[in-house]
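Here is query_30.cif, consisting of mmCIF, C-alpha atoms and all ligand atoms:
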data_model
loop_
_atom_site.label_atom_id
_atom_site.label_comp_id
_atom_site.auth_asym_id
_atom_site.auth_seq_id
_atom_site.Cartn_x
_atom_site.Cartn_y
_atom_site.Cartn_z
CA MET A 1 -7.88 -50.03 21.09
CA THR A 2 -9.01 -47.72 23.84
CA ARG A 3 -9.08 -43.98 23.23
CA ARG A 4 -6.27 -43.49 25.77
CA LYS A 5 -4.04 -46.10 24.09
CA PHE A 6 -4.75 -44.54 20.70
CA LEU A 7 -3.66 -41.10 21.92
CA VAL A 8 -0.54 -42.43 23.65
CA ASN A 9 0.50 -44.39 20.54
CA GLY A 10 -0.17 -41.36 18.37
CA LEU A 11 1.99 -39.22 20.62
CA ARG A 12 4.79 -41.81 20.54
CA ALA A 13 4.62 -41.98 16.74
CA GLY A 14 4.80 -38.18 16.59
CA VAL A 15 7.88 -38.08 18.83
CA VAL A 16 9.61 -40.78 16.75
CA LEU A 17 8.73 -38.96 13.55
CA LEU A 18 10.05 -35.64 14.84
CA GLY A 19 13.24 -37.32 16.02
CA THR A 20 13.87 -38.96 12.65
CA LYS A 21 17.13 -37.73 11.21
CA GLY A 22 15.70 -37.50 7.70
CA VAL A 23 12.85 -35.21 8.74
CA TYR A 24 15.15 -33.01 10.78
CA ASN A 25 17.77 -32.68 8.08
CA THR A 26 15.88 -32.52 4.84
CA SER A 27 12.72 -30.58 5.51
CA ARG A 28 14.20 -27.16 6.23
CA TYR A 29 16.62 -27.37 3.28
CA ASN A 30 14.04 -28.68 0.84
CA LEU A 31 13.47 -25.29 -0.78
CA GLU A 32 10.54 -25.48 -3.19
CA LEU A 33 9.66 -23.26 -6.11
CA ARG A 34 5.99 -22.29 -5.99
CA ARG A 35 4.51 -20.72 -9.14
CA VAL A 36 1.19 -18.93 -8.62
CA ALA A 37 -0.94 -17.15 -11.22
CA LEU A 38 -3.29 -14.43 -9.96
CA LEU A 39 -6.07 -13.09 -12.14
CA VAL A 40 -6.27 -9.38 -11.33
CA PRO A 41 -9.41 -7.54 -12.50
CA GLY A 42 -8.52 -4.26 -14.21
CA LEU A 43 -4.85 -5.18 -14.68
CA PRO A 44 -3.48 -3.08 -17.57
CA SER A 45 -2.79 -5.28 -20.59
CA SER A 46 0.96 -4.45 -20.63
CA PHE A 47 1.22 -6.13 -17.23
CA ASP A 48 -0.34 -9.40 -18.33
CA GLY A 49 2.27 -12.02 -17.37
CA PHE A 50 4.13 -9.62 -15.03
CA LYS A 51 6.28 -11.79 -12.80
CA ILE A 52 7.05 -11.02 -9.14
CA ALA A 53 9.51 -13.16 -7.20
CA LEU A 54 8.67 -13.17 -3.48
CA LEU A 55 11.28 -13.96 -0.84
CA SER A 56 10.45 -13.64 2.82
CA ASP A 57 11.48 -14.74 6.32
CA ILE A 58 15.08 -15.49 5.51
CA HIS A 59 15.99 -15.29 9.22
CA SER A 60 19.75 -15.24 8.61
CA SER A 61 21.04 -16.68 11.91
CA ALA A 62 22.95 -19.55 13.49
CA ILE A 63 20.23 -21.94 12.30
CA VAL A 64 19.87 -20.65 8.70
CA SER A 65 22.90 -21.12 6.45
CA GLU A 66 24.27 -18.77 3.80
CA GLY A 67 24.00 -21.71 1.37
CA LEU A 68 20.22 -21.89 1.79
CA ILE A 69 19.87 -18.14 1.26
CA SER A 70 22.10 -18.26 -1.87
CA MET A 71 20.00 -21.13 -3.20
CA SER A 72 16.84 -19.03 -2.82
CA ALA A 73 18.51 -16.25 -4.84
CA ARG A 74 19.54 -18.68 -7.60
CA MET A 75 16.03 -20.17 -7.82
CA CYS A 76 14.60 -16.68 -7.99
CA MET A 77 16.93 -15.56 -10.80
CA ASP A 78 16.30 -18.73 -12.82
CA GLU A 79 12.69 -17.56 -13.17
CA VAL A 80 13.73 -14.18 -14.67
CA PRO A 81 11.28 -12.07 -12.65
CA ASP A 82 10.26 -8.51 -13.62
CA VAL A 83 10.27 -7.46 -9.99
CA ILE A 84 11.67 -8.98 -6.79
CA ALA A 85 9.79 -8.43 -3.51
CA LEU A 86 11.57 -8.95 -0.18
CA ALA A 87 8.96 -9.28 2.55
CA GLY A 88 10.99 -8.89 5.75
CA ASP A 89 12.51 -10.85 8.65
CA PHE A 90 15.96 -10.80 7.08
CA ILE A 91 17.43 -11.66 10.49
CA THR A 92 16.07 -12.94 13.81
CA GLY A 93 15.61 -10.45 16.63
CA THR A 94 14.44 -11.22 20.13
CA ASN A 95 14.10 -7.79 21.68
CA HIS A 96 10.34 -7.48 21.38
CA VAL A 97 10.06 -6.60 25.05
CA GLY A 98 10.38 -2.83 25.14
CA GLY A 99 8.97 -2.30 21.69
CA SER A 100 10.42 -1.27 18.36
CA GLY A 101 13.02 1.28 17.53
CA LYS A 102 15.28 0.43 20.49
CA VAL A 103 18.67 1.98 19.86
CA GLY A 104 21.57 -0.40 19.35
CA MET A 105 21.84 -3.76 17.71
CA GLU A 106 21.57 -7.28 19.01
CA LYS A 107 24.77 -9.27 19.33
CA GLY A 108 25.69 -10.99 16.08
CA ALA A 109 23.09 -9.11 14.04
CA ARG A 110 25.66 -7.23 11.93
CA GLU A 111 27.30 -10.48 10.83
CA TYR A 112 23.95 -12.08 9.94
CA ILE A 113 22.85 -9.00 7.99
CA GLN A 114 26.08 -9.05 5.95
CA ARG A 115 25.75 -12.79 5.38
CA CYS A 116 22.20 -12.29 4.11
CA ALA A 117 23.14 -9.34 1.87
CA ASN A 118 26.10 -11.28 0.42
CA ALA A 119 23.98 -14.35 -0.26
CA LEU A 120 21.36 -12.23 -2.07
CA SER A 121 23.88 -10.11 -3.98
CA THR A 122 23.09 -11.91 -7.26
CA LEU A 123 19.50 -10.64 -7.30
CA LYS A 124 18.61 -8.43 -10.24
CA ALA A 125 15.26 -7.41 -11.74
CA PRO A 126 14.59 -5.02 -14.64
CA MET A 127 11.67 -3.28 -12.88
CA GLY A 128 13.27 -3.14 -9.44
CA ILE A 129 13.80 -4.89 -6.13
CA TYR A 130 11.47 -3.70 -3.36
CA GLY A 131 11.60 -4.43 0.35
CA VAL A 132 9.69 -4.10 3.60
CA LEU A 133 10.81 -4.92 7.12
CA GLY A 134 9.46 -7.63 9.40
CA ASN A 135 8.90 -7.79 13.14
CA HIS A 136 12.22 -9.55 13.74
CA ASP A 137 14.13 -6.82 11.89
CA PHE A 138 12.61 -4.22 14.24
CA TRP A 139 13.23 -6.47 17.25
CA SER A 140 16.94 -6.44 16.38
CA GLY A 141 17.14 -2.72 17.22
CA LYS A 142 17.15 0.58 15.32
CA ASP A 143 20.81 0.25 14.29
CA ALA A 144 20.05 -3.17 12.83
CA VAL A 145 17.14 -1.72 10.83
CA ASP A 146 19.37 1.07 9.50
CA THR A 147 22.12 -1.43 8.64
CA ILE A 148 19.69 -3.73 6.81
CA CYS A 149 18.33 -0.83 4.76
CA LYS A 150 21.79 0.53 3.88
CA SER A 151 23.37 -2.86 3.12
CA PHE A 152 20.62 -4.00 0.79
CA THR A 153 20.39 -0.67 -0.99
CA ASP A 154 24.18 -0.53 -1.49
CA LYS A 155 24.53 -4.17 -2.57
CA ILE A 156 21.47 -4.80 -4.72
CA GLY A 157 19.67 -1.48 -5.00
CA VAL A 158 16.64 -2.34 -2.87
CA VAL A 159 13.95 0.34 -2.83
CA TRP A 160 12.49 0.34 0.69
CA LEU A 161 8.74 0.76 0.87
CA ARG A 162 8.42 2.03 4.40
CA ASN A 163 4.81 3.24 4.16
CA LYS A 164 5.52 4.35 0.61
CA ASN A 165 4.55 3.46 -2.92
CA PHE A 166 6.30 3.27 -6.24
CA ARG A 167 4.76 3.59 -9.67
CA ILE A 168 5.82 0.92 -12.14
CA LYS A 169 5.38 1.91 -15.76
CA ARG A 170 5.24 -0.33 -18.76
CA ASP A 171 4.55 1.18 -22.17
CA ALA A 172 2.00 3.90 -21.39
CA GLN A 173 0.39 1.98 -18.52
CA SER A 174 1.19 1.68 -14.84
CA ILE A 175 0.51 -0.19 -11.61
CA TYR A 176 1.69 0.61 -8.08
CA ILE A 177 3.74 -1.39 -5.63
CA LEU A 178 3.22 -0.30 -2.02
CA GLY A 179 4.77 -1.33 1.25
CA VAL A 180 4.17 -0.89 4.96
CA ASP A 181 6.33 -1.26 8.05
CA ASP A 182 5.55 -4.41 10.02
CA HIS A 183 1.96 -4.54 11.23
CA TRP A 184 3.03 -4.91 14.87
CA GLN A 185 4.97 -1.63 14.76
CA ARG A 186 3.39 1.72 15.57
CA SER A 187 5.04 3.07 12.42
CA CYS A 188 2.89 0.86 10.14
CA SER A 189 0.69 3.16 8.04
CA LEU A 190 -1.49 1.97 5.21
CA VAL A 191 -2.75 5.55 4.77
CA ASP A 192 0.79 6.80 4.07
CA ALA A 193 1.52 3.86 1.79
CA CYS A 194 -1.52 4.72 -0.35
CA ARG A 195 -0.88 8.48 -0.44
CA GLY A 196 -1.12 10.06 -3.87
CA ILE A 197 -2.36 6.99 -5.72
CA ASP A 198 -5.41 7.05 -7.99
CA ILE A 199 -8.14 5.08 -6.20
CA LYS A 200 -8.79 2.96 -9.31
CA ALA A 201 -5.14 2.03 -9.96
CA VAL A 202 -4.03 -1.58 -9.50
CA LYS A 203 -2.13 -1.81 -6.22
CA ILE A 204 0.19 -4.58 -5.06
CA LEU A 205 0.85 -4.25 -1.34
CA LEU A 206 3.94 -5.72 0.27
CA SER A 207 3.35 -6.33 3.99
CA HIS A 208 5.38 -8.70 6.13
CA ASN A 209 2.33 -9.63 8.18
CA PRO A 210 -0.84 -10.71 6.34
CA ASP A 211 -2.93 -9.29 9.21
CA ILE A 212 -2.60 -5.98 7.35
CA ASN A 213 -5.85 -7.23 5.77
CA ILE A 214 -7.58 -6.13 8.99
CA ASP A 215 -6.44 -2.53 8.32
CA ILE A 216 -7.43 -2.79 4.66
CA GLU A 217 -10.95 -3.94 5.60
CA PHE A 218 -11.26 -1.14 8.13
CA SER A 219 -10.01 1.55 5.74
CA LYS A 220 -12.11 0.26 2.80
CA LYS A 221 -9.16 0.92 0.49
CA LYS A 222 -8.98 -0.91 -2.82
CA ILE A 223 -5.91 -3.12 -2.67
CA ASP A 224 -5.78 -5.77 -5.37
CA VAL A 225 -2.98 -8.05 -4.23
CA VAL A 226 -1.21 -8.43 -0.87
CA LEU A 227 2.13 -10.25 -0.70
CA SER A 228 3.16 -11.45 2.75
CA GLY A 229 5.17 -13.92 4.81
CA HIS A 230 5.48 -13.92 8.62
CA THR A 231 3.51 -17.08 9.40
CA HIS A 232 6.18 -19.45 7.95
CA GLY A 233 3.16 -21.55 6.92
CA GLY A 234 3.20 -22.68 10.55
CA GLN A 235 6.78 -24.04 10.13
CA ILE A 236 5.78 -27.17 12.05
CA VAL A 237 2.49 -28.56 10.83
CA PHE A 238 1.07 -31.80 12.22
CA PRO A 239 -1.22 -33.98 10.16
CA PHE A 240 -4.87 -33.53 11.22
CA ILE A 241 -3.88 -31.04 13.94
CA GLY A 242 -2.34 -28.27 11.83
CA ALA A 243 0.07 -25.62 13.06
CA PRO A 244 0.07 -25.35 16.87
CA PHE A 245 1.65 -21.88 16.77
CA LEU A 246 0.72 -19.20 14.27
CA PRO A 247 1.60 -15.57 15.05
CA SER A 248 -1.59 -14.09 13.64
CA THR A 249 -4.65 -12.47 15.12
CA SER A 250 -6.68 -13.98 12.28
CA GLY A 251 -6.30 -17.57 13.48
CA GLN A 252 -5.29 -20.00 10.73
CA LYS A 253 -6.88 -17.91 7.95
CA TYR A 254 -3.62 -16.50 6.56
CA ILE A 255 -1.40 -19.52 7.19
CA SER A 256 -0.09 -19.83 3.59
CA GLY A 257 -1.04 -19.81 -0.09
CA VAL A 258 -3.73 -17.70 -1.73
CA VAL A 259 -6.49 -16.25 0.47
CA LYS A 260 -9.35 -14.29 -1.07
CA ASP A 261 -11.20 -11.45 0.66
CA GLY A 262 -13.76 -10.37 -1.92
CA THR A 263 -11.76 -9.37 -5.00
CA ARG A 264 -8.55 -8.86 -2.99
CA GLN A 265 -6.07 -11.72 -3.09
CA THR A 266 -3.34 -12.30 -0.52
CA TYR A 267 -0.44 -14.63 -1.15
CA ILE A 268 1.37 -15.78 1.99
CA THR A 269 4.69 -17.50 1.42
CA THR A 270 6.03 -20.11 3.84
CA GLY A 271 9.36 -18.26 3.64
CA VAL A 272 12.97 -19.31 3.18
CA GLY A 273 14.41 -19.76 6.68
CA ASN A 274 13.20 -20.92 10.03
CA ASN A 275 12.92 -19.49 13.50
CA MET A 276 13.04 -20.71 17.12
CA VAL A 277 13.98 -24.29 16.21
CA PRO A 278 16.23 -25.54 13.37
CA MET A 279 13.50 -27.53 11.72
CA ARG A 280 10.43 -27.52 9.54
CA TYR A 281 7.87 -30.26 9.45
CA ASN A 282 5.25 -30.78 6.76
CA CYS A 283 5.96 -27.23 5.69
CA PRO A 284 8.86 -26.84 3.27
CA PRO A 285 10.50 -23.46 2.72
CA GLU A 286 9.80 -21.82 -0.62
CA VAL A 287 10.57 -19.24 -3.25
CA ALA A 288 7.29 -17.95 -4.68
CA ILE A 289 6.82 -16.67 -8.20
CA ILE A 290 3.62 -14.68 -8.62
CA THR A 291 2.44 -14.04 -12.17
CA LEU A 292 -0.25 -11.41 -12.69
CA LYS A 293 -2.85 -12.15 -15.34
CA SER A 294 -5.29 -9.73 -16.93
CA SER A 295 -7.60 -12.44 -18.27
FE FE B 1 9.56 -14.71 10.24
#
Target encoding structure tokens, full file:
Amino acid sequence: MTRRKFLVNGLRAGVVLLGTKGVYNTSRYNLELRRVALLVPGLPSSFDGFKIALLSDIHSSAIVSEGLISMSARMCMDEVPDVIALAGDFITGTNHVGGSGKVGMEKGAREYIQRCANALSTLKAPMGIYGVLGNHDFWSGKDAVDTICKSFTDKIGVVWLRNKNFRIKRDAQSIYILGVDDHWQRSCSLVDACRGIDIKAVKILLSHNPDINIDIEFSKKKIDVVLSGHTHGGQIVFPFIGAPFLPSTSGQKYISGVVKDGTRQTYITTGVGNNMVPMRYNCPPEVAIITLKSS
């Protein structure tokens, strides 16, 4: 077979595969539970086995059903997590032209926010539910951001980590959970998020975009674990080729799973929903359960 024929046949096979009803229908609803254990040097012994459920990129919209979001909440609660982390992109915004903080709210956003908050209303965690905002939340307008924050705090008591930190105590020991505004926003501040924390303390940073690692490297701050989403794992991932579109300035480095930068570990979830097109390929959505280990 000539090289040209091989490429043409490959392209045809790809088109057929993408058009297959089974792929289209099942992949984006095939929510997987991913359990990940992270060995964290210096983790206080009382936090050995500390379980964090990570939900991200829900993208409540016309192409992400309330049923899928509810299912993610059920899977999360079945694991009985100590803490729940919500890593942003609750809805899908398109108003990135003109920057963040635009007053007003995109059409339909209020309904999708309420749908998302209702679907996640069963979430409960003894040590708290923490949230950060993603680029799409900001792109939905300032009123949308305010509505997301209020709805989730009223319904499930989310503590928003907008460049803030929270001390989690267990017995006489403690760790910190920190959060930043989306990395693409001017309001993102790792310095503010770290303010007041002992330099040696174990820090878990919640950042929608894993590219926050660039800021961490630059600042030389000691962050032990970063929990992120944003990339959707590529959402559409071709065999041999990979993900043709990944919204990251770090290339494919932070596509999904555990990435190590020295002693710092980043977990990037593929997320719950989908964006742009109502499909996933070779990249199922997930609920991630991160268990911290001291040894
Ligand atoms: Fe997203």
What are the closest atom pairs, with distances in Å to one decimal, for each residue of chain A lying within 7 Å of ligand FE 1 (chain B), using all atoms listed in the file, rows by chain and rising residue number, as a Markdown table?
| residue | atom | partner | partner_atom | distance |
| --- | --- | --- | --- | --- |
| A:Asp57 | CA | B:FE1 | FE | 4.4 |
| A:His59 | CA | B:FE1 | FE | 6.5 |
| A:Asp89 | CA | B:FE1 | FE | 5.1 |
| A:His136 | CA | B:FE1 | FE | 6.8 |
| A:His230 | CA | B:FE1 | FE | 4.5 |
| A:Thr231 | CA | B:FE1 | FE | 6.6 |
| A:His232 | CA | B:FE1 | FE | 6.3 |
| A:Asn275 | CA | B:FE1 | FE | 6.7 |
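Near A:Gln173, within 12 Å and counting all atoms listed in the file, sit Gly42, Leu43, Pro44, Ser45, Ser46, Phe47, Asp48, Arg167, Ile168, Lys169, Arg170, Asp171, Ile175, Tyr176, Ala201 and Val202 of chain A, not including residues fewer than 2 positions from it in the same chain.
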Practice task
Give me the residues within 12 Å of A:Ile148 as a PyMOL selection string, counting all atoms listed in the file and dropping any in the same chain fewer than 5 places off.
Solution key: chain A and resi 60+86+88-91+105+109-118+131-134+136-138+140-143+153-156+158-160
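Pairwise distance (atom CA of A:Ile216, atom CA of A:Arg264) equals 9.8 Å.
For the atom pair formed by atom CA of A:Asp182 and atom CA of A:Leu161, the distance is 11.0 Å, given to one decimal.
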Handout entry: Straight-line distance linking atom CA of A:Thr291 with atom CA of A:Leu33, stated in Å to one decimal
Key = 13.2 Å
Which residues, written as a JSON list (two decimals) with C-alpha atoms, keeping the file's coordinate frame, have at least one atom at most 6 Å from A:Arg280, with only C-alpha atoms counted and residues fewer than 5 positions away on the same chain left out?
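So the final result, stored in around.json, reads:
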[["chain", "number", "residue", "atom", "x", "y", "z"],
["A", 27, "SER", "CA", 12.72, -30.58, 5.51],
["A", 28, "ARG", "CA", 14.20, -27.16, 6.23],
["A", 235, "GLN", "CA", 6.78, -24.04, 10.13],
["A", 236, "ILE", "CA", 5.78, -27.17, 12.05]]
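Here the question is which of A:Leu178, A:Leu68, A:Met77, A:Val36 gets nearest to A:Ile223 using all atoms listed in the file, and that residue is A:Leu178.
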Handout entry: Near-A:Leu246 list (8 Å; all atoms listed in the file; drop same-chain fewer than 4 positions) as a ChimeraX atom specification
Key = /A:231,234,251-252,255
Exercise for the section: Go ahead and find all residues with at least one atom no further than 8 Å from (5.8, -23.6, 3.8) in the file's coordinates, using all atoms listed in the file; report them as a PyMOL selection string. Expected result: chain A and resi 232-235+256+269-271+282-286
Handout entry: Nearest residue to A:Leu292 from the set A:Ala144, A:Met71, A:Ile204, A:Val272 (distances using all atoms listed in the file)
Key = A:Ile204
